[in-house]
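Asks: Right, I'll just put the structure down here and ask away after.
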Amino acid sequence: MGEIRLPRHMFLWSMSVIYLFAFVSLYVQIPGLYGNEGILPVRWQMHYDDETPLLEQLQGAPTLLWLAPWLGLDTQQAMELLCLLGVLLAFGALVLEALRGSLVFLCLWALYLSLYQVGQVFLYFQWDSLLLETGFLAILVAPLGLLCGRSASRHHDSLTFWLLRWLLFRLMFASGVVKLTSRCPTWWGLTAVTYHYETQCIPTPLAWFAHQLPVWVQKLSVVGTFVIEIAVPFLFFAPIRRLRLTAFYLQVLLQVCIILTGNYNFFNLLTLALCFSLLDDDAVGSWLGRGKRKKAKKSWPETIHSWTTVLVELAVYALIIAGAAVCFQLEINWKNYSVSSKIGFTFHEFSNFLKKVTKGSIWIGVLSLTWEVVTAMFSCACVRGFFWKLWATIQWAIFAIAAAGMFALSLVPFTYIEYESHSGLWPVVREAYDTVDRYQLVNSYGLFRRMTGVGGRPEVVIEGSMDKETWTEIEFTYKPGNLSGPLPVVAPHQPRLDWQMWFAALGPQKQSPWFTSLVHRLLQGKKDVIELIQPESQYPFAREPPAFIRAQLYKYWFTEPKEDGSLPEQWWRRRFAEEFYPTVHLGDPTFENMLDQLLMKDAGPVGRGPEGPLPQALGLVREQLHGLSAPLVLWSLFSTGAAICLLKLLFSGSSGAGGGKPKPAPAAEPKRRAKDPPATAAQKKEPREEGGKENSEERAADSDRSPRKRK
């Protein structure tokens, strides 16, 4: 790979955008989720003690919320302050390159980690862990200085950038492998996608159309998913540049398809940001029309090397295609213009394959990281000047140790996919992982391990009543409920209550104890919780909270197109399955006993929060955003930041083309050595004909720089 200055710049800018999305999305949901009258008040998690030293509290739970009493804030206000600080820092890094430094990304990581520590079930998603791990790597990738303007590439950048590539490999490879190790019949039968579009949490309108595709296309897409997630990630470490670029485009293709058919908040954007680790400046420059000029004529060794590289590339592509055809028994049916497919190996065969591949992938990572360390070391050795060479070598040593440490720690969660590889790790590595596990530096991943909703998408529908006879459904803004309600496009915002409602429907109510607190808040008519479900103006019990609440479980399916091919009038059809939560009311002894057992009942009335300039400022910001939808706030901030970046780019381009400062005159050409051959007549004539103007400008510049002229 060539220089990585542009991909590094793109990654850091993307991380600023993703942090902005994450903090804004969480901020608008804090009152309903974690407020003093929310579903899971964060004050239940924090037990302040004036006698306990602050350092000891931070060691027990690493969160900046311990500083709330010092700032004169209650826990909800402190949580909002952390979110707003994250929004300000992320927005500043979005519009100002000078703020994309290690210190800023360290603050962003610490702020999100503080929120994650107290987020409970609403923040325990894989993409939250992935954001923390990627955010920590961004601290290593970002330049060390602050407010230092455009940062030049450093000799150890390839080391830290390699960690992103290794994280991308772990994410994709584990996500592909767990689909088969789970023994889910839909993945082994290649029919998972036939259920996926309608059973995912919040499908988009395109998901309905993708669901109508022929079954053979759906099965072929599962084959493509396995190839992209299991086979292609090994190309991330290929010694041939074009193979890595091919892997980049295939990963982007998969993520774009997921974005178009599902609302997975910032997860896919985060994966795309990791994919930038597969690029170099030449690849990005080709997108901008600044591709590398090709040499007019190559020497015969270069020609042989080029053709050999092409043959190796073709062999790799042929091997992947042939392997997919054999493993999935692909056969083309020319009569029906379709492709049949089925898995051609057993679980035992795959387990043996996984044992070899997992150990092999670890050694590939070791060799690839060693290569990056050695090349970075030689790059430091070529630095001119003793002081600068010493400084570059010190930085190389520090970041080489950091990269090796992060790689060793990541082996613990990575080998969860294969028992023998995990048991073979050194005990000291496992102990080190247990020590830093609370900081989410490295994590295990495995998306879509099992396909849910095979017999119909389970969906919990909450109903309220005033007389226990007439029941009214309480519809959510985003998750399916109303059969004719539109399928939303809500990403990169994540409505966390809607997501947990989807998880709650997958099992009995006892597995979701927070649901009892949700019912309690709805019976009390808490406006902050109601805002999580739908705008208060559309809430059917806006004037008076319901006297009774119950929850029913339904099975949902996508509707089919009409016989004439036209679109149906409704997106969904449903059938009643069973009761999910019994009818309860305030004062019900059974209900009150459940609240006491789950420790979800306030000991007394919640008092007013502290008053002061900072709490008043936080309340003012909350009042200004009240009533605005989360996607509107999120996209407004991003559009503003993107517009500022675009204006800066346009003005910098116009100033460089027109009224910018004149470029300094080039240095004078060094004198030819005596042993150089004399110039021919054509060589003497060429500068006078083509470069006469430049030579005259150089002579004028030289005369301006002469001592007499300066005098």
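Following the order of the structure tokens, chains are lettered A, B, ..., residues in each are numbered from 1, and ligands are numbered from 1.
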Show which residues sit within 12 Å of region 69-74 of chain A, as a VMD selection string. Count only C-alpha atoms, and ignore same-chain residues fewer than 6 positions away.
Replies: chain A and resid 34 to 36 41 to 44 46 to 50 54 80 to 82 606 to 619
Asks: Could you turn the residues from that selection into a file that holds C-alpha atoms, as an mmCIF file, in the first residue's frame?
Replies:
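File part31.cif, as written:
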data_model
loop_
_atom_site.group_PDB
_atom_site.id
_atom_site.type_symbol
_atom_site.label_atom_id
_atom_site.label_comp_id
_atom_site.auth_asym_id
_atom_site.auth_seq_id
_atom_site.Cartn_x
_atom_site.Cartn_y
_atom_site.Cartn_z
ATOM 1 C CA TYR A 34 -32.638 7.467 32.432
ATOM 2 C CA GLY A 35 -34.369 10.554 33.835
ATOM 3 C CA ASN A 36 -35.597 10.834 37.386
ATOM 4 C CA PRO A 41 -33.443 6.102 36.316
ATOM 5 C CA VAL A 42 -29.687 6.390 36.317
ATOM 6 C CA ARG A 43 -29.741 7.573 39.937
ATOM 7 C CA TRP A 44 -30.557 3.972 40.866
ATOM 8 C CA MET A 46 -25.090 5.766 41.230
ATOM 9 C CA HIS A 47 -24.601 5.662 45.001
ATOM 10 C CA TYR A 48 -22.668 8.745 45.988
ATOM 11 C CA ASP A 49 -20.628 8.617 49.176
ATOM 12 C CA ASP A 50 -18.696 11.634 50.389
ATOM 13 C CA LEU A 54 -13.082 9.770 43.944
ATOM 14 C CA GLU A 80 -27.099 15.360 29.755
ATOM 15 C CA LEU A 81 -23.959 17.432 30.296
ATOM 16 C CA LEU A 82 -21.737 14.552 29.175
ATOM 17 C CA VAL A 606 -38.544 12.588 43.586
ATOM 18 C CA GLY A 607 -37.445 16.069 44.601
ATOM 19 C CA ARG A 608 -36.508 18.913 42.315
ATOM 20 C CA GLY A 609 -33.015 18.957 40.939
ATOM 21 C CA PRO A 610 -30.346 21.390 42.132
ATOM 22 C CA GLU A 611 -30.510 24.971 40.913
ATOM 23 C CA GLY A 612 -27.676 27.079 39.611
ATOM 24 C CA PRO A 613 -26.256 28.510 36.372
ATOM 25 C CA LEU A 614 -25.220 25.133 34.965
ATOM 26 C CA PRO A 615 -28.532 23.330 35.681
ATOM 27 C CA GLN A 616 -30.420 26.321 34.252
ATOM 28 C CA ALA A 617 -28.315 26.222 31.085
ATOM 29 C CA LEU A 618 -28.979 22.509 30.680
ATOM 30 C CA GLY A 619 -32.705 23.093 31.200
#
Asks: Taking the backbone alone, and naming residues the way the document does, which bits of region 326-388 of chain A are alpha helix (DSSP H) by DSSP, as a VMD selection string?
Replies: chain A and resid 326 to 327 347 to 381 386 to 388
Asks: Save out the residues we just selected, C-alpha atoms, as a PDB file, in the first residue's frame.
Replies:
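Saved as selection35.pdb:
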ATOM      1  CA  VAL A 326     -18.215 -26.437  -4.435  1.00  0.00           C
ATOM      2  CA  CYS A 327     -19.099 -25.562  -0.822  1.00  0.00           C
ATOM      3  CA  PHE A 347     -21.153 -29.263  10.785  1.00  0.00           C
ATOM      4  CA  HIS A 348     -18.299 -31.579  11.775  1.00  0.00           C
ATOM      5  CA  GLU A 349     -16.378 -30.694   8.619  1.00  0.00           C
ATOM      6  CA  PHE A 350     -16.928 -27.013   9.252  1.00  0.00           C
ATOM      7  CA  SER A 351     -15.734 -27.363  12.862  1.00  0.00           C
ATOM      8  CA  ASN A 352     -12.479 -28.957  11.706  1.00  0.00           C
ATOM      9  CA  PHE A 353     -12.093 -26.239   9.099  1.00  0.00           C
ATOM     10  CA  LEU A 354     -12.677 -23.559  11.740  1.00  0.00           C
ATOM     11  CA  LYS A 355      -9.973 -24.982  14.029  1.00  0.00           C
ATOM     12  CA  LYS A 356      -7.367 -24.693  11.296  1.00  0.00           C
ATOM     13  CA  VAL A 357      -8.537 -21.352   9.976  1.00  0.00           C
ATOM     14  CA  THR A 358      -8.755 -19.672  13.394  1.00  0.00           C
ATOM     15  CA  LYS A 359      -5.168 -20.593  14.259  1.00  0.00           C
ATOM     16  CA  GLY A 360      -4.068 -19.703  10.746  1.00  0.00           C
ATOM     17  CA  SER A 361      -5.727 -16.294  10.929  1.00  0.00           C
ATOM     18  CA  ILE A 362      -3.867 -15.561  14.174  1.00  0.00           C
ATOM     19  CA  TRP A 363      -0.544 -16.322  12.511  1.00  0.00           C
ATOM     20  CA  ILE A 364      -1.521 -14.233   9.503  1.00  0.00           C
ATOM     21  CA  GLY A 365      -2.177 -11.370  11.893  1.00  0.00           C
ATOM     22  CA  VAL A 366       1.209 -11.915  13.580  1.00  0.00           C
ATOM     23  CA  LEU A 367       3.096 -11.922  10.275  1.00  0.00           C
ATOM     24  CA  SER A 368       1.193  -8.918   8.923  1.00  0.00           C
ATOM     25  CA  LEU A 369       1.765  -6.890  12.101  1.00  0.00           C
ATOM     26  CA  THR A 370       5.452  -7.885  12.134  1.00  0.00           C
ATOM     27  CA  TRP A 371       5.793  -6.647   8.566  1.00  0.00           C
ATOM     28  CA  GLU A 372       4.246  -3.305   9.493  1.00  0.00           C
ATOM     29  CA  VAL A 373       6.537  -2.989  12.525  1.00  0.00           C
ATOM     30  CA  VAL A 374       9.662  -3.718  10.482  1.00  0.00           C
ATOM     31  CA  THR A 375       8.758  -1.373   7.629  1.00  0.00           C
ATOM     32  CA  ALA A 376       7.937   1.394  10.097  1.00  0.00           C
ATOM     33  CA  MET A 377      11.294   0.812  11.796  1.00  0.00           C
ATOM     34  CA  PHE A 378      13.185   1.177   8.502  1.00  0.00           C
ATOM     35  CA  SER A 379      11.178   4.296   7.741  1.00  0.00           C
ATOM     36  CA  CYS A 380      12.320   5.807  11.041  1.00  0.00           C
ATOM     37  CA  ALA A 381      15.915   4.829  10.275  1.00  0.00           C
ATOM     38  CA  PHE A 386      19.990  12.738  14.833  1.00  0.00           C
ATOM     39  CA  PHE A 387      17.312  14.443  16.935  1.00  0.00           C
ATOM     40  CA  TRP A 388      14.459  13.763  14.503  1.00  0.00           C
TER      41      TRP A 388
END
Asks: Nearest to His626 (chain A): which of A:Glu531, A:Asn336, A:Lys389, A:Trp514 is it, counting only C-alpha atoms?
Replies: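 Of A:Glu531, A:Asn336, A:Lys389, A:Trp514, the one nearest His626 (chain A), counting only C-alpha atoms, is A:Glu531.
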Asks: Residues of region 398-502 of chain A that approach region 239-263 of chain A to 7 Å or less, counting only C-alpha atoms: could you list each one with the shortest pair of atoms and its distance in Å to one decimal, rows by chain and increasing residue number, as a tab-separated table?
Replies:
residue	atom	partner	partner_atom	distance
A:Val489	CA	A:Asn263	CA	6.6
A:Val490	CA	A:Asn263	CA	6.2
A:Ala491	CA	A:Asn263	CA	5.0
Asks: Just all heavy atoms for this one: save the residues we selected as a PDB file, in the first residue's frame.
Replies:
ATOM      1  N   VAL A 489     -37.593   5.385   7.794  1.00  0.00           N
ATOM      2  CA  VAL A 489     -36.150   5.457   7.575  1.00  0.00           C
ATOM      3  C   VAL A 489     -35.614   6.348   8.682  1.00  0.00           C
ATOM      4  O   VAL A 489     -35.712   7.570   8.616  1.00  0.00           O
ATOM      5  CB  VAL A 489     -35.800   6.023   6.189  1.00  0.00           C
ATOM      6  CG1 VAL A 489     -34.295   6.142   6.026  1.00  0.00           C
ATOM      7  CG2 VAL A 489     -36.386   5.152   5.094  1.00  0.00           C
ATOM      8  N   VAL A 490     -35.067   5.735   9.726  1.00  0.00           N
ATOM      9  CA  VAL A 490     -34.721   6.458  10.942  1.00  0.00           C
ATOM     10  C   VAL A 490     -33.218   6.482  11.205  1.00  0.00           C
ATOM     11  O   VAL A 490     -32.740   7.304  11.976  1.00  0.00           O
ATOM     12  CB  VAL A 490     -35.466   5.845  12.144  1.00  0.00           C
ATOM     13  CG1 VAL A 490     -35.004   4.435  12.394  1.00  0.00           C
ATOM     14  CG2 VAL A 490     -35.309   6.684  13.388  1.00  0.00           C
ATOM     15  N   ALA A 491     -32.441   5.599  10.572  1.00  0.00           N
ATOM     16  CA  ALA A 491     -30.990   5.582  10.782  1.00  0.00           C
ATOM     17  C   ALA A 491     -30.387   6.914  10.319  1.00  0.00           C
ATOM     18  O   ALA A 491     -30.887   7.522   9.357  1.00  0.00           O
ATOM     19  CB  ALA A 491     -30.369   4.427  10.000  1.00  0.00           C
TER      20      ALA A 491
END
Asks: Which residues of region 413-519 of chain A have any atom within 12 Å of an atom in region 93-115 of chain A when counting only C-alpha atoms, and what is the closest pair of atoms for each, with the distance in Å to one decimal? Order the rows by chain and rising number and write it as CSV.
Replies:
residue,atom,partner,partner_atom,distance
A:Arg438,CA,A:Leu113,CA,9.4
A:Tyr439,CA,A:Leu113,CA,7.2
A:Gln440,CA,A:Leu113,CA,8.1
A:Leu441,CA,A:Leu113,CA,10.3
Asks: Could you give me the residues within region 306-365 of chain A that DSSP places in strand (DSSP E or B), as a PyMOL selection string?
Replies: chain A and resi 331-333+338-340
Asks: Do you know which residues are at most 10 Å from region 3-12 of chain A counting only C-alpha atoms, after dropping those on the same chain fewer than 4 positions away, and could you put them as a PDB file with C-alpha atoms, in the first residue's frame?
Replies:
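Result went into out-v1.pdb, see below:
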ATOM      1  CA  SER A  16     -16.363  12.644  14.294  1.00  0.00           C
ATOM      2  CA  VAL A  17     -19.633  12.208  12.401  1.00  0.00           C
ATOM      3  CA  ILE A  18     -20.435   8.884  14.078  1.00  0.00           C
ATOM      4  CA  ALA A  93     -13.908  17.812  15.077  1.00  0.00           C
ATOM      5  CA  LEU A  94     -16.347  17.526  12.184  1.00  0.00           C
ATOM      6  CA  GLU A  97      -9.344  19.394  11.176  1.00  0.00           C
ATOM      7  CA  ARG A 100      -9.148  15.816  15.143  1.00  0.00           C
ATOM      8  CA  GLY A 101      -6.339  15.050  17.538  1.00  0.00           C
ATOM      9  CA  PHE A 105     -10.827  11.589  20.621  1.00  0.00           C
ATOM     10  CA  GLY A 135     -12.977   5.092  19.327  1.00  0.00           C
ATOM     11  CA  ALA A 138      -8.951   6.486  16.867  1.00  0.00           C
ATOM     12  CA  ILE A 139      -6.930   7.878  19.792  1.00  0.00           C
ATOM     13  CA  VAL A 141      -4.556   6.857  14.833  1.00  0.00           C
ATOM     14  CA  ALA A 142      -5.145  10.589  15.394  1.00  0.00           C
ATOM     15  CA  PRO A 143      -2.218  13.044  15.523  1.00  0.00           C
ATOM     16  CA  ARG A 150      -3.050  19.896   9.006  1.00  0.00           C
ATOM     17  CA  SER A 151      -1.027  17.012  10.340  1.00  0.00           C
ATOM     18  CA  ALA A 152       1.613  15.333   8.248  1.00  0.00           C
ATOM     19  CA  SER A 153       1.871  11.579   8.097  1.00  0.00           C
ATOM     20  CA  ARG A 154       4.015   9.917  10.751  1.00  0.00           C
ATOM     21  CA  ASP A 157       0.892   5.541  11.100  1.00  0.00           C
ATOM     22  CA  SER A 158       0.878   2.198   9.301  1.00  0.00           C
ATOM     23  CA  PHE A 161      -3.930   1.988  10.917  1.00  0.00           C
ATOM     24  CA  LEU A 164      -8.311  -0.899  12.252  1.00  0.00           C
ATOM     25  CA  LEU A 270     -18.912   2.559  11.657  1.00  0.00           C
ATOM     26  CA  LEU A 272     -17.636   1.601   6.501  1.00  0.00           C
ATOM     27  CA  ALA A 273     -15.245   3.818   8.450  1.00  0.00           C
ATOM     28  CA  LEU A 274     -13.199   0.725   9.338  1.00  0.00           C
ATOM     29  CA  CYS A 275     -13.120  -0.200   5.655  1.00  0.00           C
ATOM     30  CA  PHE A 276     -11.040   2.923   4.972  1.00  0.00           C
ATOM     31  CA  SER A 277      -8.118   0.995   6.470  1.00  0.00           C
ATOM     32  CA  LEU A 278      -8.000  -0.979   3.198  1.00  0.00           C
ATOM     33  CA  LEU A 279      -7.327   2.135   1.086  1.00  0.00           C
ATOM     34  CA  ASP A 280      -4.322   4.287   0.290  1.00  0.00           C
ATOM     35  CA  ASP A 281      -3.827   7.771  -1.134  1.00  0.00           C
ATOM     36  CA  ASP A 282      -3.721   6.522  -4.723  1.00  0.00           C
ATOM     37  CA  ALA A 283      -7.096   4.793  -4.393  1.00  0.00           C
ATOM     38  CA  VAL A 284      -8.734   7.867  -2.878  1.00  0.00           C
ATOM     39  CA  GLY A 285      -6.980  10.110  -5.392  1.00  0.00           C
TER      40      GLY A 285
END
Asks: Please determine, counting only C-alpha atoms, which residue among A:Glu229, A:Arg496, A:Glu313, A:Thr303 has the shortest atom-to-atom distance to Gly119 (chain A).
Replies: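 Of A:Glu229, A:Arg496, A:Glu313, A:Thr303, the one nearest Gly119 (chain A) is A:Arg496, counting only C-alpha atoms.
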Asks: List as a short mmCIF file (atom, residue, chain, number, x, y, z; two decimals) with N, CA and C atoms, in the first residue's frame the protein and nucleic acid residues near Met600 (chain A), meaning an atom at most 9 Å away when only C-alpha atoms are counted, but skip any in the same chain fewer than 6 places from it.
Replies:
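Final file, around-v6.cif:
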data_model
loop_
_atom_site.label_atom_id
_atom_site.label_comp_id
_atom_site.auth_asym_id
_atom_site.auth_seq_id
_atom_site.Cartn_x
_atom_site.Cartn_y
_atom_site.Cartn_z
N ILE A 39 -37.66 5.20 32.62
CA ILE A 39 -37.87 3.75 32.76
C ILE A 39 -36.85 3.15 33.72
N LEU A 40 -35.59 3.46 33.53
CA LEU A 40 -34.52 2.98 34.40
C LEU A 40 -33.70 4.18 34.87
N TRP A 44 -30.54 5.27 40.19
CA TRP A 44 -30.56 3.97 40.87
C TRP A 44 -29.20 3.27 40.77
N TRP A 514 -37.33 -4.69 32.75
CA TRP A 514 -37.55 -3.26 32.55
C TRP A 514 -38.96 -2.97 32.04
N THR A 516 -41.77 -3.99 33.14
CA THR A 516 -42.66 -3.66 34.25
C THR A 516 -42.54 -2.19 34.62
N SER A 517 -41.32 -1.66 34.60
CA SER A 517 -41.13 -0.23 34.88
C SER A 517 -41.76 0.63 33.79
N MET A 594 -44.46 -6.89 42.29
CA MET A 594 -43.48 -7.06 41.22
C MET A 594 -42.50 -5.90 41.19
#
Asks: Measuring atom to atom with only C-alpha atoms, identify which of A:Tyr433, A:Phe23, A:Phe173, A:Trp334 is nearest to Pro413 (chain A).
Replies: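 Among the listed residues, A:Tyr433 lies closest to Pro413 (chain A).
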Asks: Which residues, written as a list in words, have at least one atom at most 6 Å from region 464-478 of chain A, with only C-alpha atoms counted and residues fewer than 3 positions away on the same chain left out?
Replies: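 In the requested form, the answer reads Ile533, Gln534, Pro546, Ala547, Phe548 and Ile549 of chain A.
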Asks: Pick out the residues sitting within 12 Å of Leu637 (chain A), and hand them over as a PyMOL selection string; count only C-alpha atoms, and ignore anything fewer than 5 positions along from it in its own chain.
Replies: chain A and resi 17+20-21+23-25+87-88+90-92+94-95+630-632+642-644
Asks: Closest to Ser175 (chain A) among A:Ser639, A:Ser444, A:Gln212, A:Ser14, using only C-alpha atoms?
Replies: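 Nearest to Ser175 (chain A): A:Ser444.
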